[in-house]
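upload27.pdb follows (PDB, C-alpha atoms and all ligand atoms):
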```pdb
ATOM      1  CA  MET A   1      -4.412 -22.414   0.421
ATOM      2  CA  PHE A   2      -0.813 -21.260   0.213
ATOM      3  CA  HIS A   3      -0.457 -17.512  -0.250
ATOM      4  CA  LYS A   4       2.877 -16.265  -1.583
ATOM      5  CA  LEU A   5       4.010 -13.339   0.545
ATOM      6  CA  LYS A   6       5.137 -10.323  -1.494
ATOM      7  CA  ILE A   7       7.515  -7.973   0.300
ATOM      8  CA  LEU A   8       8.768  -4.602  -0.949
ATOM      9  CA  THR A   9      11.663  -2.823   0.759
ATOM     10  CA  MET A  10      11.085   0.845   1.573
ATOM     11  CA  ASN A  11      13.706   3.527   0.777
ATOM     12  CA  ASN A  12      13.214   5.368   4.094
ATOM     13  CA  TYR A  13      14.574   8.720   2.861
ATOM     14  CA  SER A  14      12.894  10.169   5.976
ATOM     15  CA  SER A  15      15.281   8.182   8.265
ATOM     16  CA  SER A  16      12.318   6.892  10.305
ATOM     17  CA  LYS A  17      13.102   4.508  13.169
ATOM     18  CA  CYS A  18      11.288   1.397  14.367
ATOM     19  CA  PRO A  19       9.576   2.194  17.728
ATOM     20  CA  LYS A  20      10.720  -1.165  19.126
ATOM     21  CA  CYS A  21      14.260  -1.916  17.884
ATOM     22  CA  GLU A  22      15.165   1.559  16.496
ATOM     23  CA  LYS A  23      16.453   0.110  13.212
ATOM     24  CA  THR A  24      15.786   2.095  10.036
ATOM     25  CA  LEU A  25      14.848  -0.532   7.446
ATOM     26  CA  PHE A  26      11.141  -0.946   6.648
ATOM     27  CA  GLU A  27       9.147  -3.084   4.238
ATOM     28  CA  LEU A  28       5.655  -3.430   2.796
ATOM     29  CA  ALA A  29       4.233  -6.933   3.118
ATOM     30  CA  GLU A  30       1.029  -7.871   1.255
ATOM     31  CA  ASP A  31      -1.575  -9.640   3.329
ATOM     32  CA  VAL A  32      -5.207 -10.688   3.027
ATOM     33  CA  PRO A  33      -7.790 -11.050   5.807
ATOM     34  CA  THR A  34      -9.332 -14.530   6.007
ATOM     35  CA  ASN A  35     -12.217 -14.936   3.525
ATOM     36  CA  SER A  36     -11.663 -11.470   2.065
ATOM     37  CA  LYS A  37     -11.130 -10.426  -1.530
ATOM     38  CA  TYR A  38      -9.311  -7.257  -0.481
ATOM     39  CA  LYS A  39      -5.544  -7.066  -0.065
ATOM     40  CA  PHE A  40      -3.709  -4.868   2.399
ATOM     41  CA  GLN A  41      -0.089  -3.829   2.828
ATOM     42  CA  TYR A  42       1.528  -3.991   6.231
ATOM     43  CA  LEU A  43       4.220  -1.355   6.696
ATOM     44  CA  ARG A  44       6.549  -3.005   9.173
ATOM     45  CA  CYS A  45      10.118  -3.052  10.457
ATOM     46  CA  SER A  46      12.315  -5.342   8.325
ATOM     47  CA  SER A  47      14.267  -6.545  11.371
ATOM     48  CA  CYS A  48      11.702  -7.304  14.098
ATOM     49  CA  HIS A  49       8.469  -7.120  11.979
ATOM     50  CA  THR A  50       6.838  -4.610  14.358
ATOM     51  CA  LEU A  51       3.721  -3.362  12.557
ATOM     52  CA  ILE A  52       3.754   0.389  11.927
ATOM     53  CA  THR A  53       0.509   0.739   9.946
ATOM     54  CA  VAL A  54      -1.802  -1.060   7.515
ATOM     55  CA  LEU A  55      -2.567   0.418   4.086
ATOM     56  CA  PRO A  56      -5.226  -0.574   1.563
ATOM     57  CA  PHE A  57      -3.550  -2.323  -1.396
ATOM     58  CA  ILE A  58      -5.148   0.035  -3.912
ATOM     59  CA  HIS A  59      -3.514   3.457  -4.090
ATOM     60  CA  THR A  60      -6.556   5.701  -3.569
ATOM     61  CA  ASN A  61      -5.099   8.821  -5.251
ATOM     62  CA  THR A  62      -4.141   6.864  -8.371
ATOM     63  CA  MET A  63      -7.636   5.392  -8.530
ATOM     64  CA  LEU A  64      -9.261   8.835  -8.097
ATOM     65  CA  GLN A  65      -7.117  10.266 -10.926
ATOM     66  CA  ALA A  66      -8.201   7.434 -13.235
ATOM     67  CA  ILE A  67     -11.885   8.081 -12.367
ATOM     68  CA  GLU A  68     -11.420  11.829 -12.969
ATOM     69  CA  GLU A  69      -9.902  11.169 -16.419
ATOM     70  CA  LYS A  70     -12.821   8.894 -17.345
ATOM     71  CA  ILE A  71     -15.356  11.527 -16.235
ATOM     72  CA  ASP A  72     -13.497  14.213 -18.245
ATOM     73  CA  THR A  73     -13.610  11.964 -21.327
ATOM     74  CA  ILE A  74     -17.358  11.350 -20.917
ATOM     75  CA  VAL A  75     -18.072  15.083 -20.360
ATOM     76  CA  SER A  76     -16.058  16.119 -23.420
ATOM     77  CA  LYS A  77     -17.971  13.561 -25.549
ATOM     78  CA  LEU A  78     -21.307  14.939 -24.282
ATOM     79  CA  LYS A  79     -20.303  18.467 -25.299
ATOM     80  CA  HIS A  80     -19.968  17.466 -28.976
TER      81      HIS A  80
HETATM   82 ZN    ZN A 101      12.150  -3.158  14.615
END
```
Represent the structure from my file as structure tokens, please.
Amino acid sequence: MFHKLKILTMNNYSSSKCPKCEKTLFELAEDVPTNSKYKFQYLRCSSCHTLITVLPFIHTNTMLQAIEEKIDTIVSKLKH
């Protein structure tokens, strides 16, 4: 099955350098392990595609905030 590759360019306000080619442009590329329903984002150099790190596609802090808000809503309903 063809998977369309989504790539996001990073701002790099930190002026980080690629450990291989020393260029300063990075990107996030979505990828999926074979037979997996979970997506990941590869943070890699835009020039030579050296992999810097892999991140889970879901932003954990955003998800935790959403769960916290739901719990707060349930607790406030129980108090009434
Ligand atoms: Zn590079």
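Atom CA of A:Met63 is found 25.6 Å from atom CA of A:Ser14.
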>> How would you report the residues lying within 8 Å of ligand ZN 101 (chain A), as a ChimeraX atom specification, if you count only C-alpha atoms and all ligand atoms?
In response: /A:17-24,44-50
> Which residues come within 8 Å of A:Leu8, counting only C-alpha atoms, excluding same-chain residues fewer than 6 positions away, as a PyMOL selection string?
Replying inline: chain A and resi 27-29
Written selection (C-alpha atoms) as a PDB file, keeping the file's coordinate frame:
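Written output follows (again06.pdb):
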```pdb
ATOM      1  CA  GLU A  27       9.147  -3.084   4.238  1.00  0.00           C
ATOM      2  CA  LEU A  28       5.655  -3.430   2.796  1.00  0.00           C
ATOM      3  CA  ALA A  29       4.233  -6.933   3.118  1.00  0.00           C
TER       4      ALA A  29
END
```
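Picked by the PyMOL selection byres (((chain A and resi 57) around 9) and not hetatm) from the coordinates shown: A:Glu30, A:Asp31, A:Tyr38, A:Lys39, A:Phe40, A:Gln41, A:Leu55, A:Pro56, A:Ile58, A:His59, A:Thr60.
Here atom CA of A:Ile74 stands at a distance of 20.1 Å from atom CA of A:Asn61.
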>> To one decimal place in Å, what is the distance between atom CA of A:Val32 and atom CA of A:Ser15?
In response: 28.3 Å
> What residues come out when you apply the PyMOL selection byres (((chain A and resi 53) around 7) and not hetatm) to this file, written as JSON, numbers by chain?
Replying inline: {"A": [42, 43, 51, 52, 54, 55]}
>> For a quick check of your reading of the model, name the residues lying within 7 Å of the coordinate (10.3, 2.9, 3.5), counting only C-alpha atoms, and write them as a VMD selection string.
In response: chain A and resid 9 to 12 25 to 27
